[in-house]
Amino acid sequence: MIAIPAQSAYLFPGQGSSVAGTEELVAEFCGELAERCRAAVGDDPFARAGDSTRFAQPAIFLASLAGWRSLENPKPLAFAGHSLGELSALAAAGVISGEDALDLVVLRGALMAEAADRARDGGMLAVLKGTIEQAEELADAYGVTVANDNAPGQVVLSGRGGKLKEAAVGARAIGVRAIVLDVTGAFHSPDMASACPLFRRALGRVDLREASAPVISGVSALPFEDVRGQLAAALTRPVRWRETMQTIHSLGIRRYVDVGPDKVLAKLVGRNVPESEAITIEELTHAHV
């Protein structure tokens, strides 16, 4: 077990985080869940994480939950998860059991993959070094959607490929960088609407408990009030991560632990609340050794 600093907020990443090298941690702290996952997806999700969101999402969830379970006596002041990471955060906070959360993640990944296949030609475009207002203007002008407001100067648009290409040209015309992301669908956009009914139905069968500390919703950038409704809405709504970080900061929290694989959210701490401290599981592991 890894001893950690007290008085921290815990952050759980979404898709896009690498799970390389996390299998040993998962086997140690989430072995039974990993077996359950392999049976559900019909393969090793870690070996196929790069193939489809239906494998990537369960692999990232397992790596994140294993990271959380490896911590010794954590004393969370708040939790937050980026997109998929909301289910990891809710499981860590005790709102949803690990088994129920995994089942929801497996279903979520499959439904989102099916929605992307059904819509076809969906993608995402990172708009860098501009403002959220410029990103919103580009979205309106070219018929795409703001998918992620990650940090100042880092917004992601979502939509059909042709429109995203036009938006990229429009972004460069106003001096803003635009990079097409290597994803298989227009996530957090209306293209995901077909995934919502079955996901919402599955959420309705899950028992919910009181959180051990506030869990901030990426849909509202406030503590969850309607867990089922907000998790379902998150499939088609933007991830308001910049505002989520500001909400946690307003609680007086100045230390953040990025619990998941990779260092994506730790880097965003520096972009959003630069006067705060960000710690990763990797750093804690090395310190423990």
# chains A, B, ... in the order shown; residues from 1 in each chain; ligands from 1
call {"tool": "closest_atom_pairs", "arguments": {"of": "region 81-160 of chain A", "to": "region 22-40 of chain A", "cutoff": "8 Å", "atoms": "only C-alpha atoms", "output": "tab-separated table"}}
result
residue	atom	partner	partner_atom	distance
A:Gly98	CA	A:Leu33	CA	7.6
A:Glu99	CA	A:Leu33	CA	6.8
A:Leu102	CA	A:Cys37	CA	7.3
A:Asp103	CA	A:Cys37	CA	7.9
A:Val106	CA	A:Ala40	CA	7.3
call {"tool": "write_last_selection", "arguments": {"atoms": "C-alpha atoms", "output": "tab-separated table (two decimals), in the first residue's frame"}}
result
chain	number	residue	atom	x	y	z
A	98	GLY	CA	-16.90	-1.68	-8.10
A	99	GLU	CA	-18.86	-4.46	-9.80
A	102	LEU	CA	-17.40	-1.98	-14.14
A	103	ASP	CA	-20.62	-3.31	-15.70
A	106	VAL	CA	-18.36	-2.10	-20.22
call {"tool": "residues_around", "arguments": {"residues": "region 227-243 of chain A", "least_positions_apart": "3", "cutoff": "6 Å", "atoms": "only C-alpha atoms", "output": "PyMOL selection string"}}
result
chain A and resi 147-151+188-190+192+196+200+203+218-219+221+224+246
call {"tool": "select_by_dssp", "arguments": {"residues": "region 54-222 of chain A", "states": "alpha helix (DSSP H)", "output": "PyMOL selection string"}}
result
chain A and resi 54-69+85-92+98-119+132-142+161-173+196-203
call {"tool": "select_by_dssp", "arguments": {"residues": "region 155-192 of chain A", "states": "strand (DSSP E)", "output": "list in words"}}
result
Val155, Val156, Leu157, Ser158, Gly159, Arg160, Arg177, Ala178, Ile179 and Val180 of chain A
call {"tool": "write_last_selection", "arguments": {"atoms": "N, CA and C atoms", "output": "short mmCIF file (atom, residue, chain, number, x, y, z; two decimals), in the first residue's frame"}}
result
data_model
loop_
_atom_site.label_atom_id
_atom_site.label_comp_id
_atom_site.auth_asym_id
_atom_site.auth_seq_id
_atom_site.Cartn_x
_atom_site.Cartn_y
_atom_site.Cartn_z
N VAL A 155 -9.31 23.30 -25.74
CA VAL A 155 -10.72 22.93 -25.94
C VAL A 155 -10.79 21.92 -27.07
N VAL A 156 -11.72 20.98 -26.97
CA VAL A 156 -11.87 19.95 -28.00
C VAL A 156 -13.27 20.07 -28.60
N LEU A 157 -13.31 20.07 -29.94
CA LEU A 157 -14.57 20.08 -30.67
C LEU A 157 -14.88 18.68 -31.18
N SER A 158 -16.15 18.40 -31.38
CA SER A 158 -16.59 17.09 -31.80
C SER A 158 -17.62 17.23 -32.90
N GLY A 159 -17.55 16.34 -33.90
CA GLY A 159 -18.53 16.40 -34.99
C GLY A 159 -18.10 15.54 -36.16
N ARG A 160 -18.74 15.76 -37.30
CA ARG A 160 -18.43 15.00 -38.50
C ARG A 160 -17.12 15.48 -39.12
N ARG A 177 -4.35 27.25 -33.06
CA ARG A 177 -3.92 25.93 -33.51
C ARG A 177 -5.09 24.95 -33.50
N ALA A 178 -5.06 24.03 -34.45
CA ALA A 178 -6.10 23.01 -34.52
C ALA A 178 -5.47 21.69 -34.92
N ILE A 179 -5.73 20.64 -34.13
CA ILE A 179 -5.13 19.33 -34.37
C ILE A 179 -6.23 18.27 -34.34
N VAL A 180 -6.33 17.50 -35.41
CA VAL A 180 -7.29 16.40 -35.46
C VAL A 180 -6.81 15.29 -34.53
#
call {"tool": "residues_around", "arguments": {"residues": "Asp140 (chain A)", "least_positions_apart": "2", "cutoff": "12 Å", "atoms": "only C-alpha atoms", "output": "PDB file with all heavy atoms, in the first residue's frame"}}
result
ATOM      1  N   GLU A 133     -14.367  31.070 -25.695  1.00  0.00           N
ATOM      2  CA  GLU A 133     -15.295  31.837 -26.534  1.00  0.00           C
ATOM      3  C   GLU A 133     -14.990  31.633 -28.011  1.00  0.00           C
ATOM      4  O   GLU A 133     -15.903  31.478 -28.837  1.00  0.00           O
ATOM      5  CB  GLU A 133     -15.229  33.315 -26.172  1.00  0.00           C
ATOM      6  CG  GLU A 133     -15.807  33.670 -24.807  1.00  0.00           C
ATOM      7  CD  GLU A 133     -14.857  33.346 -23.652  1.00  0.00           C
ATOM      8  OE1 GLU A 133     -13.648  33.123 -23.913  1.00  0.00           O
ATOM      9  OE2 GLU A 133     -15.330  33.309 -22.496  1.00  0.00           O
ATOM     10  N   GLN A 134     -13.702  31.612 -28.375  1.00  0.00           N
ATOM     11  CA  GLN A 134     -13.342  31.372 -29.774  1.00  0.00           C
ATOM     12  C   GLN A 134     -13.747  29.965 -30.200  1.00  0.00           C
ATOM     13  O   GLN A 134     -14.241  29.768 -31.316  1.00  0.00           O
ATOM     14  CB  GLN A 134     -11.835  31.564 -29.962  1.00  0.00           C
ATOM     15  CG  GLN A 134     -11.391  33.013 -29.928  1.00  0.00           C
ATOM     16  CD  GLN A 134      -9.876  33.144 -29.990  1.00  0.00           C
ATOM     17  OE1 GLN A 134      -9.151  32.470 -29.251  1.00  0.00           O
ATOM     18  NE2 GLN A 134      -9.406  33.992 -30.896  1.00  0.00           N
ATOM     19  N   ALA A 135     -13.551  28.991 -29.314  1.00  0.00           N
ATOM     20  CA  ALA A 135     -13.940  27.618 -29.630  1.00  0.00           C
ATOM     21  C   ALA A 135     -15.455  27.518 -29.830  1.00  0.00           C
ATOM     22  O   ALA A 135     -15.929  26.824 -30.747  1.00  0.00           O
ATOM     23  CB  ALA A 135     -13.482  26.675 -28.526  1.00  0.00           C
ATOM     24  N   GLU A 136     -16.216  28.183 -28.978  1.00  0.00           N
ATOM     25  CA  GLU A 136     -17.672  28.160 -29.110  1.00  0.00           C
ATOM     26  C   GLU A 136     -18.112  28.828 -30.410  1.00  0.00           C
ATOM     27  O   GLU A 136     -19.050  28.349 -31.076  1.00  0.00           O
ATOM     28  CB  GLU A 136     -18.301  28.863 -27.908  1.00  0.00           C
ATOM     29  CG  GLU A 136     -18.172  28.068 -26.611  1.00  0.00           C
ATOM     30  CD  GLU A 136     -18.589  28.854 -25.385  1.00  0.00           C
ATOM     31  OE1 GLU A 136     -18.643  30.102 -25.448  1.00  0.00           O
ATOM     32  OE2 GLU A 136     -18.859  28.210 -24.348  1.00  0.00           O
ATOM     33  N   GLU A 137     -17.447  29.901 -30.796  1.00  0.00           N
ATOM     34  CA  GLU A 137     -17.773  30.575 -32.061  1.00  0.00           C
ATOM     35  C   GLU A 137     -17.473  29.671 -33.254  1.00  0.00           C
ATOM     36  O   GLU A 137     -18.246  29.614 -34.217  1.00  0.00           O
ATOM     37  CB  GLU A 137     -16.998  31.886 -32.165  1.00  0.00           C
ATOM     38  CG  GLU A 137     -17.491  32.963 -31.205  1.00  0.00           C
ATOM     39  CD  GLU A 137     -16.580  34.184 -31.164  1.00  0.00           C
ATOM     40  OE1 GLU A 137     -15.593  34.217 -31.939  1.00  0.00           O
ATOM     41  OE2 GLU A 137     -16.852  35.093 -30.357  1.00  0.00           O
ATOM     42  N   LEU A 138     -16.349  28.950 -33.186  1.00  0.00           N
ATOM     43  CA  LEU A 138     -16.026  28.008 -34.254  1.00  0.00           C
ATOM     44  C   LEU A 138     -17.066  26.899 -34.332  1.00  0.00           C
ATOM     45  O   LEU A 138     -17.488  26.499 -35.418  1.00  0.00           O
ATOM     46  CB  LEU A 138     -14.640  27.408 -34.016  1.00  0.00           C
ATOM     47  CG  LEU A 138     -13.446  28.332 -34.255  1.00  0.00           C
ATOM     48  CD1 LEU A 138     -12.178  27.717 -33.682  1.00  0.00           C
ATOM     49  CD2 LEU A 138     -13.267  28.611 -35.749  1.00  0.00           C
ATOM     50  N   TYR A 142     -19.373  26.288 -37.723  1.00  0.00           N
ATOM     51  CA  TYR A 142     -19.129  25.139 -38.594  1.00  0.00           C
ATOM     52  C   TYR A 142     -19.992  23.918 -38.255  1.00  0.00           C
ATOM     53  O   TYR A 142     -19.788  22.838 -38.794  1.00  0.00           O
ATOM     54  CB  TYR A 142     -17.640  24.774 -38.553  1.00  0.00           C
ATOM     55  CG  TYR A 142     -16.782  25.871 -39.129  1.00  0.00           C
ATOM     56  CD1 TYR A 142     -16.133  26.790 -38.305  1.00  0.00           C
ATOM     57  CD2 TYR A 142     -16.657  26.034 -40.509  1.00  0.00           C
ATOM     58  CE1 TYR A 142     -15.362  27.813 -38.825  1.00  0.00           C
ATOM     59  CE2 TYR A 142     -15.891  27.065 -41.048  1.00  0.00           C
ATOM     60  CZ  TYR A 142     -15.252  27.949 -40.195  1.00  0.00           C
ATOM     61  OH  TYR A 142     -14.498  28.977 -40.729  1.00  0.00           O
ATOM     62  N   GLY A 143     -20.963  24.092 -37.369  1.00  0.00           N
ATOM     63  CA  GLY A 143     -21.904  23.028 -37.097  1.00  0.00           C
ATOM     64  C   GLY A 143     -21.328  21.849 -36.357  1.00  0.00           C
ATOM     65  O   GLY A 143     -21.703  20.694 -36.617  1.00  0.00           O
ATOM     66  N   VAL A 144     -20.395  22.135 -35.430  1.00  0.00           N
ATOM     67  CA  VAL A 144     -19.839  21.085 -34.582  1.00  0.00           C
ATOM     68  C   VAL A 144     -20.141  21.437 -33.127  1.00  0.00           C
ATOM     69  O   VAL A 144     -20.859  22.392 -32.849  1.00  0.00           O
ATOM     70  CB  VAL A 144     -18.323  20.907 -34.827  1.00  0.00           C
ATOM     71  CG1 VAL A 144     -18.089  20.396 -36.240  1.00  0.00           C
ATOM     72  CG2 VAL A 144     -17.564  22.201 -34.593  1.00  0.00           C
ATOM     73  N   THR A 145     -19.596  20.665 -32.191  1.00  0.00           N
ATOM     74  CA  THR A 145     -19.956  20.783 -30.775  1.00  0.00           C
ATOM     75  C   THR A 145     -18.708  20.931 -29.922  1.00  0.00           C
ATOM     76  O   THR A 145     -17.692  20.289 -30.197  1.00  0.00           O
ATOM     77  CB  THR A 145     -20.713  19.517 -30.315  1.00  0.00           C
ATOM     78  OG1 THR A 145     -21.872  19.347 -31.134  1.00  0.00           O
ATOM     79  CG2 THR A 145     -21.145  19.623 -28.861  1.00  0.00           C
ATOM     80  N   VAL A 146     -18.783  21.765 -28.891  1.00  0.00           N
ATOM     81  CA  VAL A 146     -17.723  21.775 -27.886  1.00  0.00           C
ATOM     82  C   VAL A 146     -17.875  20.509 -27.051  1.00  0.00           C
ATOM     83  O   VAL A 146     -18.906  20.286 -26.422  1.00  0.00           O
ATOM     84  CB  VAL A 146     -17.799  23.025 -26.985  1.00  0.00           C
ATOM     85  CG1 VAL A 146     -16.798  22.907 -25.829  1.00  0.00           C
ATOM     86  CG2 VAL A 146     -17.518  24.288 -27.788  1.00  0.00           C
ATOM     87  N   LEU A 157     -13.308  20.069 -29.939  1.00  0.00           N
ATOM     88  CA  LEU A 157     -14.570  20.083 -30.670  1.00  0.00           C
ATOM     89  C   LEU A 157     -14.878  18.682 -31.179  1.00  0.00           C
ATOM     90  O   LEU A 157     -13.973  17.882 -31.421  1.00  0.00           O
ATOM     91  CB  LEU A 157     -14.495  21.050 -31.851  1.00  0.00           C
ATOM     92  CG  LEU A 157     -14.119  22.493 -31.541  1.00  0.00           C
ATOM     93  CD1 LEU A 157     -14.106  23.318 -32.825  1.00  0.00           C
ATOM     94  CD2 LEU A 157     -15.067  23.102 -30.526  1.00  0.00           C
ATOM     95  N   SER A 158     -16.154  18.404 -31.376  1.00  0.00           N
ATOM     96  CA  SER A 158     -16.592  17.086 -31.797  1.00  0.00           C
ATOM     97  C   SER A 158     -17.622  17.226 -32.904  1.00  0.00           C
ATOM     98  O   SER A 158     -18.473  18.116 -32.869  1.00  0.00           O
ATOM     99  CB  SER A 158     -17.202  16.355 -30.585  1.00  0.00           C
ATOM    100  OG  SER A 158     -17.422  15.002 -30.847  1.00  0.00           O
ATOM    101  N   GLY A 159     -17.554  16.336 -33.903  1.00  0.00           N
ATOM    102  CA  GLY A 159     -18.526  16.402 -34.988  1.00  0.00           C
ATOM    103  C   GLY A 159     -18.103  15.539 -36.161  1.00  0.00           C
ATOM    104  O   GLY A 159     -17.210  14.705 -36.056  1.00  0.00           O
ATOM    105  N   LYS A 163     -16.889  18.675 -41.429  1.00  0.00           N
ATOM    106  CA  LYS A 163     -17.110  19.924 -40.716  1.00  0.00           C
ATOM    107  C   LYS A 163     -15.937  20.256 -39.805  1.00  0.00           C
ATOM    108  O   LYS A 163     -15.588  21.434 -39.618  1.00  0.00           O
ATOM    109  CB  LYS A 163     -18.410  19.845 -39.917  1.00  0.00           C
ATOM    110  CG  LYS A 163     -19.658  19.774 -40.802  1.00  0.00           C
ATOM    111  CD  LYS A 163     -20.927  19.751 -39.974  1.00  0.00           C
ATOM    112  CE  LYS A 163     -22.170  19.748 -40.871  1.00  0.00           C
ATOM    113  NZ  LYS A 163     -23.427  19.730 -40.077  1.00  0.00           N
ATOM    114  N   LEU A 164     -15.326  19.234 -39.243  1.00  0.00           N
ATOM    115  CA  LEU A 164     -14.158  19.478 -38.402  1.00  0.00           C
ATOM    116  C   LEU A 164     -12.993  20.017 -39.231  1.00  0.00           C
ATOM    117  O   LEU A 164     -12.235  20.873 -38.761  1.00  0.00           O
ATOM    118  CB  LEU A 164     -13.749  18.193 -37.682  1.00  0.00           C
ATOM    119  CG  LEU A 164     -14.676  17.722 -36.563  1.00  0.00           C
ATOM    120  CD1 LEU A 164     -14.197  16.383 -36.025  1.00  0.00           C
ATOM    121  CD2 LEU A 164     -14.761  18.750 -35.433  1.00  0.00           C
ATOM    122  N   ALA A 167     -13.673  23.556 -39.681  1.00  0.00           N
ATOM    123  CA  ALA A 167     -13.424  24.275 -38.430  1.00  0.00           C
ATOM    124  C   ALA A 167     -11.936  24.460 -38.198  1.00  0.00           C
ATOM    125  O   ALA A 167     -11.499  25.497 -37.671  1.00  0.00           O
ATOM    126  CB  ALA A 167     -14.053  23.509 -37.257  1.00  0.00           C
ATOM    127  N   GLY A 170     -10.869  27.313 -40.261  1.00  0.00           N
ATOM    128  CA  GLY A 170     -11.354  28.537 -39.632  1.00  0.00           C
ATOM    129  C   GLY A 170     -10.545  28.910 -38.405  1.00  0.00           C
ATOM    130  O   GLY A 170     -10.283  30.098 -38.149  1.00  0.00           O
TER     131      GLY A 170
END
call {"tool": "residues_around", "arguments": {"residues": "Ala59 (chain A)", "least_positions_apart": "2", "cutoff": "6 Å", "atoms": "only C-alpha atoms", "output": "list in words"}}
result
Pro45, Phe46, Ala56, Gln57, Phe61 and Leu62 of chain A
call {"tool": "closest_residue", "arguments": {"among": "A:Ala202, A:Met245, A:Leu128, A:Val41", "to": "Gly175 (chain A)", "atoms": "only C-alpha atoms"}}
result
A:Leu128
call {"tool": "atom_distance", "arguments": {"atom1": "CA of Glu86 (chain A)", "atom2": "CA of Gly185 (chain A)"}}
result
19.6 Å
call {"tool": "residues_around", "arguments": {"residues": "Ile279 (chain A)", "least_positions_apart": "2", "cutoff": "10 Å", "atoms": "only C-alpha atoms", "output": "list in words"}}
result
Ile4, Pro5, Ser8, Tyr10, Arg255, Tyr256, Val257, Asp258, Val259, Lys263, Leu265, Ala266, Lys267, Val269, Glu277, Ile281, Glu282, Glu283 and Leu284 of chain A
call {"tool": "write_last_selection", "arguments": {"atoms": "C-alpha atoms", "output": "compact mmCIF listing (two decimals), in the first residue's frame"}}
result
# COMPACT_ATOMS: atom_id res chain seq x y z
CA ILE A 4 -0.19 9.58 0.60
CA PRO A 5 -0.52 13.18 1.77
CA SER A 8 -6.29 16.02 -1.24
CA TYR A 10 -8.60 12.70 -6.25
CA ARG A 255 -3.38 19.29 -3.54
CA TYR A 256 -4.53 16.89 -6.25
CA VAL A 257 -3.76 13.20 -6.74
CA ASP A 258 -4.06 11.93 -10.32
CA VAL A 259 -5.13 8.37 -9.53
CA LYS A 263 -0.34 11.98 -16.24
CA LEU A 265 -5.02 15.22 -15.37
CA ALA A 266 -1.91 16.11 -13.35
CA LYS A 267 -0.79 18.24 -16.28
CA VAL A 269 -3.91 20.86 -12.75
CA GLU A 277 0.25 20.74 -6.24
CA ILE A 281 0.44 7.45 -8.64
CA GLU A 282 3.81 6.89 -10.31
CA GLU A 283 5.43 9.58 -8.17
CA LEU A 284 3.86 8.19 -5.01
call {"tool": "residues_around", "arguments": {"residues": "region 68-79 of chain A", "least_positions_apart": "2", "cutoff": "9 Å", "atoms": "only C-alpha atoms", "output": "number ranges by chain"}}
result
A: 1-12, 25, 28-30, 63-66, 81, 86, 89-90, 92-93, 212-216, 248, 251, 253, 259-260, 281
call {"tool": "atom_distance", "arguments": {"atom1": "CA of Asp207 (chain A)", "atom2": "CA of Ser97 (chain A)"}}
result
8.2 Å
call {"tool": "decode", "arguments": {"residues": "region 117-232 of chain A", "atoms": "C-alpha atoms", "output": "mmCIF file, in the first residue's frame"}}
result
data_model
loop_
_atom_site.group_PDB
_atom_site.id
_atom_site.type_symbol
_atom_site.label_atom_id
_atom_site.label_comp_id
_atom_site.auth_asym_id
_atom_site.auth_seq_id
_atom_site.Cartn_x
_atom_site.Cartn_y
_atom_site.Cartn_z
ATOM 1 C CA ASP A 117 -20.243 3.196 -36.033
ATOM 2 C CA ARG A 118 -23.862 4.124 -36.661
ATOM 3 C CA ALA A 119 -23.155 7.839 -37.110
ATOM 4 C CA ARG A 120 -19.998 7.290 -39.205
ATOM 5 C CA ASP A 121 -17.315 9.851 -40.031
ATOM 6 C CA GLY A 122 -17.254 11.275 -36.493
ATOM 7 C CA GLY A 123 -14.142 12.758 -34.978
ATOM 8 C CA MET A 124 -12.672 15.311 -32.610
ATOM 9 C CA LEU A 125 -10.514 18.397 -33.075
ATOM 10 C CA ALA A 126 -8.289 19.971 -30.428
ATOM 11 C CA VAL A 127 -8.357 23.770 -30.512
ATOM 12 C CA LEU A 128 -5.259 25.081 -28.764
ATOM 13 C CA LYS A 129 -4.028 28.467 -27.572
ATOM 14 C CA GLY A 130 -7.408 30.091 -28.075
ATOM 15 C CA THR A 131 -10.222 30.970 -25.682
ATOM 16 C CA ILE A 132 -13.345 29.020 -24.873
ATOM 17 C CA GLU A 133 -15.295 31.837 -26.534
ATOM 18 C CA GLN A 134 -13.342 31.372 -29.774
ATOM 19 C CA ALA A 135 -13.940 27.618 -29.630
ATOM 20 C CA GLU A 136 -17.672 28.160 -29.110
ATOM 21 C CA GLU A 137 -17.773 30.575 -32.061
ATOM 22 C CA LEU A 138 -16.026 28.008 -34.254
ATOM 23 C CA ALA A 139 -18.484 25.330 -33.147
ATOM 24 C CA ASP A 140 -21.442 27.535 -34.003
ATOM 25 C CA ALA A 141 -19.962 28.628 -37.325
ATOM 26 C CA TYR A 142 -19.129 25.139 -38.594
ATOM 27 C CA GLY A 143 -21.904 23.028 -37.097
ATOM 28 C CA VAL A 144 -19.839 21.085 -34.582
ATOM 29 C CA THR A 145 -19.956 20.783 -30.775
ATOM 30 C CA VAL A 146 -17.723 21.775 -27.886
ATOM 31 C CA ALA A 147 -16.890 18.378 -26.359
ATOM 32 C CA ASN A 148 -14.226 19.144 -23.738
ATOM 33 C CA ASP A 149 -13.314 22.451 -22.092
ATOM 34 C CA ASN A 150 -10.161 21.048 -20.532
ATOM 35 C CA ALA A 151 -8.131 24.124 -19.594
ATOM 36 C CA PRO A 152 -7.377 27.654 -20.747
ATOM 37 C CA GLY A 153 -6.158 27.257 -24.314
ATOM 38 C CA GLN A 154 -7.226 23.612 -24.592
ATOM 39 C CA VAL A 155 -10.719 22.930 -25.936
ATOM 40 C CA VAL A 156 -11.875 19.955 -27.996
ATOM 41 C CA LEU A 157 -14.570 20.083 -30.670
ATOM 42 C CA SER A 158 -16.592 17.086 -31.797
ATOM 43 C CA GLY A 159 -18.526 16.402 -34.988
ATOM 44 C CA ARG A 160 -18.431 14.998 -38.499
ATOM 45 C CA GLY A 161 -15.079 14.822 -40.265
ATOM 46 C CA GLY A 162 -15.816 17.272 -43.073
ATOM 47 C CA LYS A 163 -17.110 19.924 -40.716
ATOM 48 C CA LEU A 164 -14.158 19.478 -38.402
ATOM 49 C CA LYS A 165 -11.781 20.034 -41.319
ATOM 50 C CA GLU A 166 -13.597 23.277 -42.094
ATOM 51 C CA ALA A 167 -13.424 24.275 -38.430
ATOM 52 C CA ALA A 168 -9.672 23.581 -38.439
ATOM 53 C CA VAL A 169 -9.212 25.936 -41.383
ATOM 54 C CA GLY A 170 -11.354 28.537 -39.632
ATOM 55 C CA ALA A 171 -9.333 28.178 -36.441
ATOM 56 C CA ARG A 172 -6.037 28.700 -38.216
ATOM 57 C CA ALA A 173 -7.460 31.744 -39.961
ATOM 58 C CA ILE A 174 -7.886 33.436 -36.573
ATOM 59 C CA GLY A 175 -4.473 32.352 -35.330
ATOM 60 C CA VAL A 176 -5.567 29.351 -33.267
ATOM 61 C CA ARG A 177 -3.916 25.928 -33.511
ATOM 62 C CA ALA A 178 -6.104 23.011 -34.519
ATOM 63 C CA ILE A 179 -5.125 19.333 -34.366
ATOM 64 C CA VAL A 180 -7.293 16.397 -35.463
ATOM 65 C CA LEU A 181 -7.344 13.757 -32.709
ATOM 66 C CA ASP A 182 -6.927 10.036 -33.295
ATOM 67 C CA VAL A 183 -10.365 8.926 -32.112
ATOM 68 C CA THR A 184 -13.088 6.817 -33.682
ATOM 69 C CA GLY A 185 -16.166 8.930 -33.009
ATOM 70 C CA ALA A 186 -17.723 12.283 -32.201
ATOM 71 C CA PHE A 187 -17.832 11.739 -28.450
ATOM 72 C CA HIS A 188 -19.745 14.154 -26.195
ATOM 73 C CA SER A 189 -21.869 15.245 -29.126
ATOM 74 C CA PRO A 190 -25.376 14.501 -30.451
ATOM 75 C CA ASP A 191 -23.848 11.538 -32.332
ATOM 76 C CA MET A 192 -23.862 9.672 -29.012
ATOM 77 C CA ALA A 193 -27.613 10.139 -28.439
ATOM 78 C CA SER A 194 -28.449 6.578 -29.498
ATOM 79 C CA ALA A 195 -26.344 5.285 -26.581
ATOM 80 C CA CYS A 196 -28.325 7.165 -23.946
ATOM 81 C CA PRO A 197 -31.571 5.132 -23.527
ATOM 82 C CA LEU A 198 -29.917 1.766 -22.798
ATOM 83 C CA PHE A 199 -27.276 3.376 -20.596
ATOM 84 C CA ARG A 200 -29.927 5.251 -18.641
ATOM 85 C CA ARG A 201 -31.927 2.030 -18.235
ATOM 86 C CA ALA A 202 -28.865 0.233 -16.845
ATOM 87 C CA LEU A 203 -28.204 3.121 -14.454
ATOM 88 C CA GLY A 204 -31.738 2.720 -13.150
ATOM 89 C CA ARG A 205 -30.902 -0.802 -11.938
ATOM 90 C CA VAL A 206 -27.865 0.291 -9.919
ATOM 91 C CA ASP A 207 -27.964 0.916 -6.166
ATOM 92 C CA LEU A 208 -26.529 4.279 -5.116
ATOM 93 C CA ARG A 209 -25.043 5.171 -1.741
ATOM 94 C CA GLU A 210 -23.893 8.371 -0.102
ATOM 95 C CA ALA A 211 -20.507 9.652 -1.219
ATOM 96 C CA SER A 212 -17.619 9.686 1.243
ATOM 97 C CA ALA A 213 -16.745 13.170 -0.072
ATOM 98 C CA PRO A 214 -18.232 15.430 -2.767
ATOM 99 C CA VAL A 215 -17.953 14.079 -6.311
ATOM 100 C CA ILE A 216 -17.943 16.900 -8.864
ATOM 101 C CA SER A 217 -19.955 16.317 -12.042
ATOM 102 C CA GLY A 218 -18.382 17.245 -15.361
ATOM 103 C CA VAL A 219 -21.831 18.115 -16.713
ATOM 104 C CA SER A 220 -22.608 20.750 -14.071
ATOM 105 C CA ALA A 221 -19.133 21.458 -12.605
ATOM 106 C CA LEU A 222 -20.885 21.099 -9.227
ATOM 107 C CA PRO A 223 -21.327 18.151 -6.847
ATOM 108 C CA PHE A 224 -23.525 15.422 -8.326
ATOM 109 C CA GLU A 225 -27.200 15.901 -7.541
ATOM 110 C CA ASP A 226 -28.741 13.376 -9.969
ATOM 111 C CA VAL A 227 -26.128 10.671 -10.500
ATOM 112 C CA ARG A 228 -28.140 8.619 -12.989
ATOM 113 C CA GLY A 229 -29.370 11.585 -14.996
ATOM 114 C CA GLN A 230 -26.025 13.345 -15.111
ATOM 115 C CA LEU A 231 -24.063 10.231 -16.088
ATOM 116 C CA ALA A 232 -26.471 9.627 -18.979
#
